[in-house]
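File shown: protein.txt (compact mmCIF, C-alpha atoms).
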```
# COMPACT_ATOMS: atom_id res chain seq x y z
CA CYS E 276 -99.06 50.93 78.51
CA SER E 277 -102.17 49.73 80.19
CA LEU E 278 -105.60 50.93 81.26
CA MET E 279 -107.47 50.60 84.51
CA ALA E 280 -111.11 51.45 85.09
CA THR E 281 -112.78 51.78 88.47
CA VAL E 282 -116.54 52.07 88.74
CA PHE E 283 -117.56 53.85 91.94
CA GLU E 284 -120.49 52.65 93.99
CA ARG E 285 -121.69 56.05 95.22
CA SER E 286 -119.81 59.14 94.11
CA THR E 287 -120.00 61.98 91.66
CA PRO E 288 -117.63 62.67 88.78
CA ALA E 289 -116.72 66.02 90.38
CA ALA E 290 -115.74 64.39 93.70
CA VAL E 291 -113.68 61.67 91.99
CA LEU E 292 -111.94 64.12 89.66
CA GLU E 293 -111.08 66.44 92.53
CA ALA E 294 -109.72 63.50 94.59
CA ALA E 295 -107.73 62.12 91.66
CA HIS E 296 -106.13 65.44 90.81
CA ALA E 297 -105.26 66.05 94.45
CA ALA E 298 -103.62 62.61 94.62
CA THR E 299 -101.43 62.55 91.51
CA HIS E 300 -99.62 64.73 89.01
CA PHE E 301 -98.98 64.67 85.30
CA GLY E 302 -95.64 65.24 83.63
CA PRO E 303 -92.11 64.12 84.37
CA GLY E 304 -90.68 63.26 87.74
CA GLY E 305 -92.01 61.60 90.82
CA ARG E 306 -93.39 62.38 94.22
CA PRO E 307 -91.44 64.11 96.96
CA ALA E 308 -90.43 61.73 99.75
CA GLU E 309 -93.17 62.92 102.12
CA ARG E 310 -95.93 62.15 99.56
CA ARG E 311 -94.70 58.78 98.31
CA VAL E 312 -97.02 55.82 98.02
CA ALA E 313 -95.57 52.75 99.74
CA LEU E 314 -94.40 49.94 97.48
CA PRO E 315 -95.65 46.56 98.71
CA GLY E 316 -92.81 44.57 100.29
CA PRO E 317 -92.61 41.78 97.68
CA LEU E 318 -92.57 44.29 94.82
CA ARG E 319 -89.96 46.44 96.58
CA GLU E 320 -87.80 43.33 97.07
CA ALA E 321 -88.21 42.25 93.43
CA ILE E 322 -87.10 45.70 92.24
CA ALA E 323 -84.11 45.73 94.59
CA ALA E 324 -83.06 42.30 93.28
CA LEU E 325 -82.95 43.41 89.64
CA PRO E 326 -79.41 43.49 88.22
CA PHE E 327 -79.70 47.11 87.03
CA ASP E 328 -78.60 50.20 88.95
CA GLY E 329 -80.73 53.08 90.17
CA LEU E 330 -84.17 51.51 89.90
CA SER E 331 -85.45 51.47 93.48
CA ASP E 332 -85.67 55.21 94.01
CA THR E 333 -87.29 55.84 90.62
CA ALA E 334 -89.82 53.06 91.19
CA ALA E 335 -90.65 54.44 94.63
CA SER E 336 -90.91 58.09 93.64
CA HIS E 337 -92.93 57.54 90.45
CA LEU E 338 -95.53 55.29 92.08
CA GLY E 339 -98.85 57.11 92.10
CA THR E 340 -98.07 59.46 89.19
CA GLN E 341 -99.49 59.66 85.68
CA GLY E 342 -96.68 60.81 83.40
CA ASP E 343 -97.16 62.68 80.15
CA GLY E 344 -97.57 62.10 76.43
CA ASN E 345 -100.68 60.08 75.68
CA HIS E 346 -101.24 59.22 79.35
CA PHE E 347 -104.56 60.33 80.76
CA LEU E 348 -106.95 60.17 83.67
CA TYR E 349 -110.62 60.35 82.67
CA VAL E 350 -113.64 60.63 84.92
CA GLY E 351 -117.19 60.31 83.60
CA THR E 352 -120.51 58.57 83.97
CA LEU E 353 -121.42 55.17 82.56
CA GLU E 354 -124.45 55.29 80.29
CA SER E 355 -125.41 51.76 81.36
CA SER E 356 -125.71 52.44 85.08
CA GLY E 357 -125.19 56.15 85.71
CA LYS E 358 -122.29 55.28 88.01
CA THR E 359 -119.10 57.31 88.06
CA VAL E 360 -116.08 55.73 86.38
CA MET E 361 -112.41 56.67 86.41
CA VAL E 362 -110.06 55.41 83.69
CA THR E 363 -106.28 55.79 83.74
CA HIS E 364 -103.87 55.11 80.89
CA HIS E 365 -100.13 55.07 81.43
CA GLY E 366 -97.09 52.89 81.18
CA SER E 367 -94.19 52.11 83.42
CA ARG E 368 -92.95 55.69 83.77
CA GLY E 369 -89.28 56.36 84.55
CA PHE E 370 -88.87 52.97 86.18
CA GLY E 371 -89.70 51.11 82.95
CA ALA E 372 -87.65 53.55 80.88
CA ARG E 373 -84.57 52.81 83.00
CA VAL E 374 -85.06 49.05 82.62
CA PHE E 375 -85.47 49.50 78.86
CA ARG E 376 -82.29 51.58 78.56
CA ALA E 377 -80.32 49.00 80.56
CA GLY E 378 -81.69 46.22 78.36
CA MET E 379 -80.81 48.11 75.18
CA ARG E 380 -77.20 48.53 76.37
CA ILE E 381 -77.00 44.78 76.92
CA ALA E 382 -78.68 44.07 73.57
CA GLU E 383 -76.21 46.35 71.80
CA ASP E 384 -73.29 44.49 73.38
CA PHE E 385 -74.68 41.21 72.07
CA ARG E 386 -75.33 42.70 68.62
CA ARG E 387 -71.76 43.98 68.35
CA ARG E 388 -70.33 40.61 69.37
CA LEU E 389 -72.70 38.29 67.49
CA SER E 390 -73.75 40.24 64.41
CA PRO E 391 -71.98 43.57 63.94
CA SER E 392 -73.57 44.09 60.51
CA THR E 393 -77.09 43.99 62.00
CA PRO E 394 -78.55 47.50 62.37
CA THR E 395 -78.41 48.91 65.91
CA GLN E 396 -82.20 49.19 66.09
CA ASN E 397 -82.40 45.40 65.67
CA ALA E 398 -80.21 44.60 68.67
CA TRP E 399 -81.41 41.73 70.85
CA ILE E 400 -80.63 39.79 73.99
CA PRO E 401 -80.50 36.03 73.47
CA TRP E 402 -83.29 34.44 75.47
CA ASP E 403 -81.15 31.55 76.68
CA SER E 404 -78.46 33.80 78.18
CA ASP E 405 -78.26 34.87 81.82
CA GLU E 406 -78.81 38.43 80.59
CA GLY E 407 -81.90 37.41 78.62
CA ARG E 408 -83.46 35.64 81.57
CA ALA E 409 -82.65 38.61 83.84
CA TYR E 410 -84.15 41.09 81.40
CA TRP E 411 -87.32 39.01 80.98
CA ALA E 412 -87.68 38.84 84.78
CA ALA E 413 -87.17 42.62 84.94
CA LEU E 414 -89.97 43.14 82.40
CA GLY E 415 -92.28 41.07 84.58
CA THR E 416 -91.41 43.27 87.55
CA VAL E 417 -92.10 46.37 85.43
CA ARG E 418 -95.49 44.89 84.54
CA GLU E 419 -96.33 44.36 88.22
CA TRP E 420 -95.15 47.88 89.09
CA THR E 421 -97.32 49.37 86.33
CA ARG E 422 -100.40 47.58 87.59
CA ARG E 423 -99.62 48.70 91.14
CA ASN E 424 -99.24 52.27 89.90
CA HIS E 425 -102.76 52.19 88.45
CA GLU E 426 -104.09 50.60 91.64
CA SER E 427 -102.39 53.27 93.75
CA LEU E 428 -103.96 56.09 91.79
CA HIS E 429 -107.38 54.49 91.90
CA GLU E 430 -107.20 53.76 95.63
CA LEU E 431 -106.12 57.33 96.35
CA ALA E 432 -109.13 58.59 94.36
CA VAL E 433 -111.50 56.20 96.14
CA THR E 434 -110.23 57.31 99.55
CA GLY E 435 -110.13 60.99 98.63
CA ALA E 436 -113.69 60.91 97.31
CA GLY E 437 -114.93 58.96 100.34
CA ALA E 438 -116.29 56.37 97.95
CA SER E 439 -116.36 52.62 97.49
CA VAL E 440 -115.55 50.44 94.49
CA ALA E 441 -118.32 48.70 92.55
CA THR E 442 -115.86 47.03 90.15
CA ARG E 443 -112.38 47.45 88.71
CA ARG E 444 -110.77 46.21 85.50
CA TRP E 445 -107.20 46.31 84.19
CA ASN E 446 -106.08 45.88 80.61
CA GLU E 447 -102.48 45.77 79.47
CA HIS E 448 -102.21 46.46 75.77
CA ASN E 449 -98.52 47.15 75.12
CA PHE E 450 -96.75 44.41 77.06
```
Now, as a test, write the supplied structure out as structure tokens.
Amino acid sequence: CSLMATVFERSTPAAVLEAAHAATHFGPGGRPAERRVALPGPLREAIAALPFDGLSDTAASHLGTQGDGNHFLYVGTLESSGKTVMVTHHGSRGFGARVFRAGMRIAEDFRRRLSPSTPTQNAWIPWDSDEGRAYWAALGTVREWTRRNHESLHELAVTGAGASVATRRWNEHNF
């Protein structure tokens, strides 16, 4: 998971909240094709190059969505400046979950071959294997996608509120 905060130059919490809720949704699933947010070319290419099946469509459809669980979108006012701030908290959505499941299948194969007495929950992918390097690269792509997802949501709120950005910060805390 990670957090992103955008401080708006001139806007109200009501305008930002309305724009944010019009731009995204909470819960499972992604956006219908006609409402998708475009993946930047280099990120789209990096996702397509990953050695796991079925990632491109999930990455494309989930971009610009919040998810569920402990994910949130908060809009308020900074005590220090009185400016409106929007904070989002979410992870890598279905895209990251698919990468994780693929990695766990690989890890389980290694565990069975290398250490069958090790508990399943302790399965691992050796770092120095082709699979380990590929999985690590995939995690980096998931990280970039997650940041882009936050940015997408924030940009949609900025545009929808007719506002401008005073500052923006991103914090990854579960990578």
Can you sort out the box for region 287-299 of chain E, edges along x, y and z, all listed atoms in, 3 Å on every side, with centre and edge lengths in Å to one decimal, as lines of an AutoDock Vina configuration file?
```
center_x = -110.7
center_y = 64.1
center_z = 91.7
size_x = 24.6
size_y = 10.8
size_z = 11.8
```
Do a neighbour search on region 419-433 of chain E at 10 Å with only C-alpha atoms, toss out local chain neighbours closer than 6 positions, and write the hits as a ChimeraX atom specification.
/E:276-284,286,290-299,312-315,318-319,321-322,334-335,337-341,348,361-368,370-371,413,439-440,443,445-447
Those same residues, written as a tab-separated table (two decimals), in the coordinates of the input with C-alpha atoms?
```tsv
chain	number	residue	atom	x	y	z
E	276	CYS	CA	-99.06	50.93	78.51
E	277	SER	CA	-102.17	49.73	80.19
E	278	LEU	CA	-105.60	50.93	81.26
E	279	MET	CA	-107.47	50.60	84.51
E	280	ALA	CA	-111.11	51.45	85.09
E	281	THR	CA	-112.78	51.78	88.47
E	282	VAL	CA	-116.54	52.07	88.74
E	283	PHE	CA	-117.56	53.85	91.94
E	284	GLU	CA	-120.49	52.65	93.99
E	286	SER	CA	-119.81	59.14	94.11
E	290	ALA	CA	-115.74	64.39	93.70
E	291	VAL	CA	-113.68	61.67	91.99
E	292	LEU	CA	-111.94	64.12	89.66
E	293	GLU	CA	-111.08	66.44	92.53
E	294	ALA	CA	-109.72	63.50	94.59
E	295	ALA	CA	-107.73	62.12	91.66
E	296	HIS	CA	-106.13	65.44	90.81
E	297	ALA	CA	-105.26	66.05	94.45
E	298	ALA	CA	-103.62	62.61	94.62
E	299	THR	CA	-101.43	62.55	91.51
E	312	VAL	CA	-97.02	55.82	98.02
E	313	ALA	CA	-95.57	52.75	99.74
E	314	LEU	CA	-94.40	49.94	97.48
E	315	PRO	CA	-95.65	46.56	98.71
E	318	LEU	CA	-92.57	44.29	94.82
E	319	ARG	CA	-89.96	46.44	96.58
E	321	ALA	CA	-88.21	42.25	93.43
E	322	ILE	CA	-87.10	45.70	92.24
E	334	ALA	CA	-89.82	53.06	91.19
E	335	ALA	CA	-90.65	54.44	94.63
E	337	HIS	CA	-92.93	57.54	90.45
E	338	LEU	CA	-95.53	55.29	92.08
E	339	GLY	CA	-98.85	57.11	92.10
E	340	THR	CA	-98.07	59.46	89.19
E	341	GLN	CA	-99.49	59.66	85.68
E	348	LEU	CA	-106.95	60.17	83.67
E	361	MET	CA	-112.41	56.67	86.41
E	362	VAL	CA	-110.06	55.41	83.69
E	363	THR	CA	-106.28	55.79	83.74
E	364	HIS	CA	-103.87	55.11	80.89
E	365	HIS	CA	-100.13	55.07	81.43
E	366	GLY	CA	-97.09	52.89	81.18
E	367	SER	CA	-94.19	52.11	83.42
E	368	ARG	CA	-92.95	55.69	83.77
E	370	PHE	CA	-88.87	52.97	86.18
E	371	GLY	CA	-89.70	51.11	82.95
E	413	ALA	CA	-87.17	42.62	84.94
E	439	SER	CA	-116.36	52.62	97.49
E	440	VAL	CA	-115.55	50.44	94.49
E	443	ARG	CA	-112.38	47.45	88.71
E	445	TRP	CA	-107.20	46.31	84.19
E	446	ASN	CA	-106.08	45.88	80.61
E	447	GLU	CA	-102.48	45.77	79.47
```
Residues of region 379-447 of chain E that approach region 326-332 of chain E to 12 Å or less, counting all atoms listed in the file: could you list each one with the shortest pair of atoms and its distance in Å to one decimal, rows by chain and increasing residue number, as JSON lines?
```
{"residue": "E:Met379", "atom": "CA", "partner": "E:Phe327", "partner_atom": "CA", "distance": 11.9}
{"residue": "E:Arg380", "atom": "CA", "partner": "E:Phe327", "partner_atom": "CA", "distance": 11.0}
{"residue": "E:Ile381", "atom": "CA", "partner": "E:Phe327", "partner_atom": "CA", "distance": 10.7}
{"residue": "E:Asp405", "atom": "CA", "partner": "E:Pro326", "partner_atom": "CA", "distance": 10.8}
{"residue": "E:Glu406", "atom": "CA", "partner": "E:Pro326", "partner_atom": "CA", "distance": 9.2}
{"residue": "E:Gly407", "atom": "CA", "partner": "E:Pro326", "partner_atom": "CA", "distance": 11.6}
{"residue": "E:Arg408", "atom": "CA", "partner": "E:Pro326", "partner_atom": "CA", "distance": 11.1}
{"residue": "E:Ala409", "atom": "CA", "partner": "E:Pro326", "partner_atom": "CA", "distance": 7.3}
{"residue": "E:Tyr410", "atom": "CA", "partner": "E:Pro326", "partner_atom": "CA", "distance": 8.6}
{"residue": "E:Trp411", "atom": "CA", "partner": "E:Pro326", "partner_atom": "CA", "distance": 11.6}
{"residue": "E:Ala412", "atom": "CA", "partner": "E:Pro326", "partner_atom": "CA", "distance": 10.1}
{"residue": "E:Ala413", "atom": "CA", "partner": "E:Pro326", "partner_atom": "CA", "distance": 8.5}
{"residue": "E:Leu414", "atom": "CA", "partner": "E:Phe327", "partner_atom": "CA", "distance": 11.9}
{"residue": "E:Thr416", "atom": "CA", "partner": "E:Leu330", "partner_atom": "CA", "distance": 11.2}
{"residue": "E:Val417", "atom": "CA", "partner": "E:Leu330", "partner_atom": "CA", "distance": 10.5}
{"residue": "E:Trp420", "atom": "CA", "partner": "E:Ser331", "partner_atom": "CA", "distance": 11.2}
```
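The coordinates place CA of Arg306 (chain E) at 11.4 Å from CA of Gly342 (chain E).
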Record the distance separating CA of Val360 (chain E) and CA of Thr442 (chain E), expressed in Å with one decimal.
9.5 Å
Take region 313-334 of chain E from the preceding structure and save N, CA and C atoms as an mmCIF file, in the first residue's frame.
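Output contents, as saved in selection15.cif:
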```cif
data_model
loop_
_atom_site.group_PDB
_atom_site.id
_atom_site.type_symbol
_atom_site.label_atom_id
_atom_site.label_comp_id
_atom_site.auth_asym_id
_atom_site.auth_seq_id
_atom_site.Cartn_x
_atom_site.Cartn_y
_atom_site.Cartn_z
ATOM 1 N N ALA E 313 -5.770 6.063 -19.484
ATOM 2 C CA ALA E 313 -4.702 5.527 -20.334
ATOM 3 C C ALA E 313 -3.438 5.248 -19.521
ATOM 4 N N LEU E 314 -2.897 4.059 -19.713
ATOM 5 C CA LEU E 314 -1.593 3.721 -19.135
ATOM 6 C C LEU E 314 -0.510 4.397 -19.969
ATOM 7 N N PRO E 315 0.460 5.044 -19.343
ATOM 8 C CA PRO E 315 1.570 5.602 -20.129
ATOM 9 C C PRO E 315 2.267 4.482 -20.910
ATOM 10 N N GLY E 316 2.734 4.813 -22.110
ATOM 11 C CA GLY E 316 3.348 3.814 -22.984
ATOM 12 C C GLY E 316 4.420 2.965 -22.332
ATOM 13 N N PRO E 317 5.419 3.558 -21.668
ATOM 14 C CA PRO E 317 6.472 2.739 -21.064
ATOM 15 C C PRO E 317 5.938 1.773 -19.994
ATOM 16 N N LEU E 318 4.957 2.218 -19.220
ATOM 17 C CA LEU E 318 4.387 1.336 -18.199
ATOM 18 C C LEU E 318 3.576 0.224 -18.862
ATOM 19 N N ARG E 319 2.811 0.562 -19.879
ATOM 20 C CA ARG E 319 2.042 -0.445 -20.619
ATOM 21 C C ARG E 319 2.984 -1.501 -21.210
ATOM 22 N N GLU E 320 4.104 -1.063 -21.763
ATOM 23 C CA GLU E 320 5.082 -1.986 -22.348
ATOM 24 C C GLU E 320 5.732 -2.856 -21.280
ATOM 25 N N ALA E 321 6.044 -2.274 -20.124
ATOM 26 C CA ALA E 321 6.648 -3.050 -19.033
ATOM 27 C C ALA E 321 5.685 -4.129 -18.537
ATOM 28 N N ILE E 322 4.408 -3.799 -18.452
ATOM 29 C CA ILE E 322 3.410 -4.783 -18.015
ATOM 30 C C ILE E 322 3.277 -5.892 -19.047
ATOM 31 N N ALA E 323 3.211 -5.526 -20.316
ATOM 32 C CA ALA E 323 3.082 -6.527 -21.380
ATOM 33 C C ALA E 323 4.288 -7.455 -21.430
ATOM 34 N N ALA E 324 5.453 -6.982 -21.019
ATOM 35 C CA ALA E 324 6.677 -7.785 -21.062
ATOM 36 C C ALA E 324 6.810 -8.747 -19.884
ATOM 37 N N LEU E 325 5.973 -8.589 -18.857
ATOM 38 C CA LEU E 325 6.085 -9.482 -17.699
ATOM 39 C C LEU E 325 5.745 -10.910 -18.096
ATOM 40 N N PRO E 326 6.423 -11.887 -17.494
ATOM 41 C CA PRO E 326 6.238 -13.279 -17.901
ATOM 42 C C PRO E 326 5.035 -13.968 -17.242
ATOM 43 N N PHE E 327 4.002 -13.209 -16.903
ATOM 44 C CA PHE E 327 2.812 -13.762 -16.269
ATOM 45 C C PHE E 327 1.606 -13.431 -17.139
ATOM 46 N N ASP E 328 0.652 -14.338 -17.208
ATOM 47 C CA ASP E 328 -0.503 -14.168 -18.085
ATOM 48 C C ASP E 328 -1.584 -13.284 -17.471
ATOM 49 N N GLY E 329 -2.339 -12.624 -18.331
ATOM 50 C CA GLY E 329 -3.545 -11.930 -17.942
ATOM 51 C C GLY E 329 -3.377 -10.647 -17.162
ATOM 52 N N LEU E 330 -2.221 -10.002 -17.249
ATOM 53 C CA LEU E 330 -1.990 -8.812 -16.435
ATOM 54 C C LEU E 330 -2.405 -7.512 -17.116
ATOM 55 N N SER E 331 -2.254 -7.437 -18.422
ATOM 56 C CA SER E 331 -2.456 -6.166 -19.122
ATOM 57 C C SER E 331 -3.868 -5.632 -18.969
ATOM 58 N N ASP E 332 -4.867 -6.476 -19.144
ATOM 59 C CA ASP E 332 -6.242 -5.998 -19.048
ATOM 60 C C ASP E 332 -6.590 -5.568 -17.627
ATOM 61 N N THR E 333 -6.138 -6.347 -16.641
ATOM 62 C CA THR E 333 -6.409 -5.974 -15.250
ATOM 63 C C THR E 333 -5.727 -4.661 -14.907
ATOM 64 N N ALA E 334 -4.486 -4.504 -15.310
ATOM 65 C CA ALA E 334 -3.761 -3.259 -15.034
ATOM 66 C C ALA E 334 -4.467 -2.073 -15.685
#
```
